[in-house]
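See below for the structure under consideration.
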Amino acid sequence: MLLVERSIYTDRHCFAKLCYESGKMTELEYNIYCNWNDWLSDHFKVKPDAYIYLRCEPDVNVERIKERSRDEESSIPKEYLEKLHEKHEEWMNTEKTRIPVLTIDANENFKDPKK
């Protein structure tokens, strides 16, 4: 069994799709990216058996980013996190019709010793 934090599918269905829809990728670039993604998936036989979706609301992400206080995260706009959240929601709702998706409420404060 192989467990990965992110996959080529997350990149394609969330990050790249958002880049395309926001105009940061042209249609040609997006199509090339999708074809490359398909080739990687087929060539290396990377097909997920299931997903574990750590679902977290954008407001909670904003607070965690502030708490971490990392310079490289300080300029991430809340609007971007909201759009990315929407893309993950759309994608996971589609995926769960094909393969199992275990959704975990990641809004919980797992630093709390009671959790």
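Residue numbering restarts at 1 for every chain of the structure tokens, chains are lettered A, B, ... in their displayed order, and ligands are numbered from 1 as they appear.
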
Exercise for review: List every residue of chain A that DSSP, applied to the backbone of this structure, places in helix (DSSP H, G or I), and write the result as a ChimeraX atom specification.
Suggested key: /A:8-21,27-43,58-68,71-73,78-95

Exercise for review: Skip range 56-60 of chain A itself and residues of its chain fewer than 2 positions away, then list as a PyMOL selection string all residues within 10 Å of it, counting only C-alpha atoms.
Suggested key: chain A and resi 53-54+62-66+78-86+104-109

Export of the given selection (N, CA and C atoms) as a compact mmCIF listing (two decimals), in the first residue's frame:
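Printed below is out15.txt as written:
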# COMPACT_ATOMS: atom_id res chain seq x y z
N TYR A 53 -9.79 12.63 2.64
CA TYR A 53 -9.98 14.07 2.43
C TYR A 53 -10.01 14.76 3.78
N LEU A 54 -8.97 15.55 4.05
CA LEU A 54 -8.92 16.33 5.28
C LEU A 54 -9.61 17.65 4.99
N VAL A 62 -6.97 30.13 7.34
CA VAL A 62 -6.42 31.47 7.54
C VAL A 62 -5.84 31.60 8.95
N GLU A 63 -6.59 31.14 9.94
CA GLU A 63 -6.11 31.22 11.33
C GLU A 63 -4.85 30.37 11.53
N ARG A 64 -4.81 29.21 10.95
CA ARG A 64 -3.63 28.35 11.09
C ARG A 64 -2.41 28.94 10.39
N ILE A 65 -2.64 29.58 9.27
CA ILE A 65 -1.53 30.25 8.57
C ILE A 65 -0.98 31.37 9.45
N LYS A 66 -1.87 32.15 10.06
CA LYS A 66 -1.42 33.21 10.97
C LYS A 66 -0.65 32.63 12.15
N LYS A 78 -7.21 35.08 1.36
CA LYS A 78 -8.32 34.23 1.81
C LYS A 78 -9.18 33.81 0.61
N GLU A 79 -9.34 34.69 -0.35
CA GLU A 79 -10.14 34.38 -1.54
C GLU A 79 -9.57 33.18 -2.29
N TYR A 80 -8.24 33.10 -2.34
CA TYR A 80 -7.60 31.95 -2.99
C TYR A 80 -7.92 30.67 -2.23
N LEU A 81 -7.82 30.72 -0.91
CA LEU A 81 -8.14 29.55 -0.09
C LEU A 81 -9.60 29.14 -0.26
N GLU A 82 -10.48 30.10 -0.40
CA GLU A 82 -11.90 29.80 -0.61
C GLU A 82 -12.12 29.10 -1.95
N LYS A 83 -11.47 29.61 -2.99
CA LYS A 83 -11.62 29.00 -4.32
C LYS A 83 -11.00 27.60 -4.35
N LEU A 84 -9.87 27.45 -3.69
CA LEU A 84 -9.22 26.14 -3.62
C LEU A 84 -10.09 25.15 -2.85
N HIS A 85 -10.73 25.62 -1.79
CA HIS A 85 -11.65 24.79 -1.02
C HIS A 85 -12.82 24.32 -1.91
N GLU A 86 -13.36 25.25 -2.70
CA GLU A 86 -14.45 24.90 -3.62
C GLU A 86 -14.00 23.83 -4.62
N ILE A 104 -12.52 13.54 6.61
CA ILE A 104 -12.23 13.80 8.02
C ILE A 104 -12.37 15.29 8.27
N ASP A 105 -13.08 15.63 9.33
CA ASP A 105 -13.26 17.03 9.70
C ASP A 105 -11.94 17.56 10.27
N ALA A 106 -11.20 18.29 9.45
CA ALA A 106 -9.91 18.83 9.88
C ALA A 106 -10.05 20.23 10.48
N ASN A 107 -11.29 20.66 10.72
CA ASN A 107 -11.51 21.92 11.42
C ASN A 107 -11.20 21.78 12.91
N GLU A 108 -11.23 20.53 13.37
CA GLU A 108 -10.93 20.24 14.78
C GLU A 108 -9.53 20.70 15.14
N ASN A 109 -9.36 21.12 16.37
CA ASN A 109 -8.05 21.51 16.86
C ASN A 109 -7.37 20.27 17.44

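Between Asp11 in chain A and the candidates A:Trp91, A:Thr26, A:Glu67, A:Lys114, the tightest atom-to-atom separation, counting only C-alpha atoms, involves A:Trp91.
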
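Considering the residues A:Lys96, A:Arg70, A:Lys111, A:Lys47 and counting only C-alpha atoms, Met1 in chain A has its shortest atom-to-atom contact with A:Lys47.
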
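Shortest separation to Leu3 in chain A among A:Glu89, A:Ser75, A:Ala50, A:Val101 occurs at residue A:Ala50, atoms counted being only C-alpha atoms.
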
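With only C-alpha atoms as the basis for measurement, A:Leu2 is the residue among A:Ala16, A:Leu102, A:Leu2, A:Met92 that approaches Pro48 in chain A most closely.
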
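For the set A:Glu5, A:Ser22, A:His13, A:Glu27, the residue with the smallest atom-to-atom gap to His88 in chain A is A:His13, counting only C-alpha atoms.
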
Exercise for review: Assign secondary structure with DSSP using the backbone only, and return the residues of range 2-90 of chain A in strand (DSSP E) as number ranges by chain.
Suggested key: A: 51-55

Let me see the file: selected residues, C-alpha atoms, as a CSV table (one decimal), in the first residue's frame.
chain,number,residue,atom,x,y,z
A,51,TYR,CA,-8.9,9.2,-0.9
A,52,ILE,CA,-8.6,10.5,2.6
A,53,TYR,CA,-10.0,14.1,2.4
A,54,LEU,CA,-8.9,16.3,5.3
A,55,ARG,CA,-11.7,18.8,4.9

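Minimum atom-to-atom distance to Thr10 in chain A, evaluated using only C-alpha atoms, belongs to A:Glu95 out of A:Glu29, A:Trp36, A:Glu95, A:Ser74.
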
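Atom to atom, CA of His43 in chain A and CA of Tyr30 in chain A stand 19.6 Å apart.
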
Exercise for review: For CA of Met25 in chain A and CA of Asp38 in chain A, determine how far apart the two atoms are, in Å to one decimal place.
Suggested key: 17.7 Å
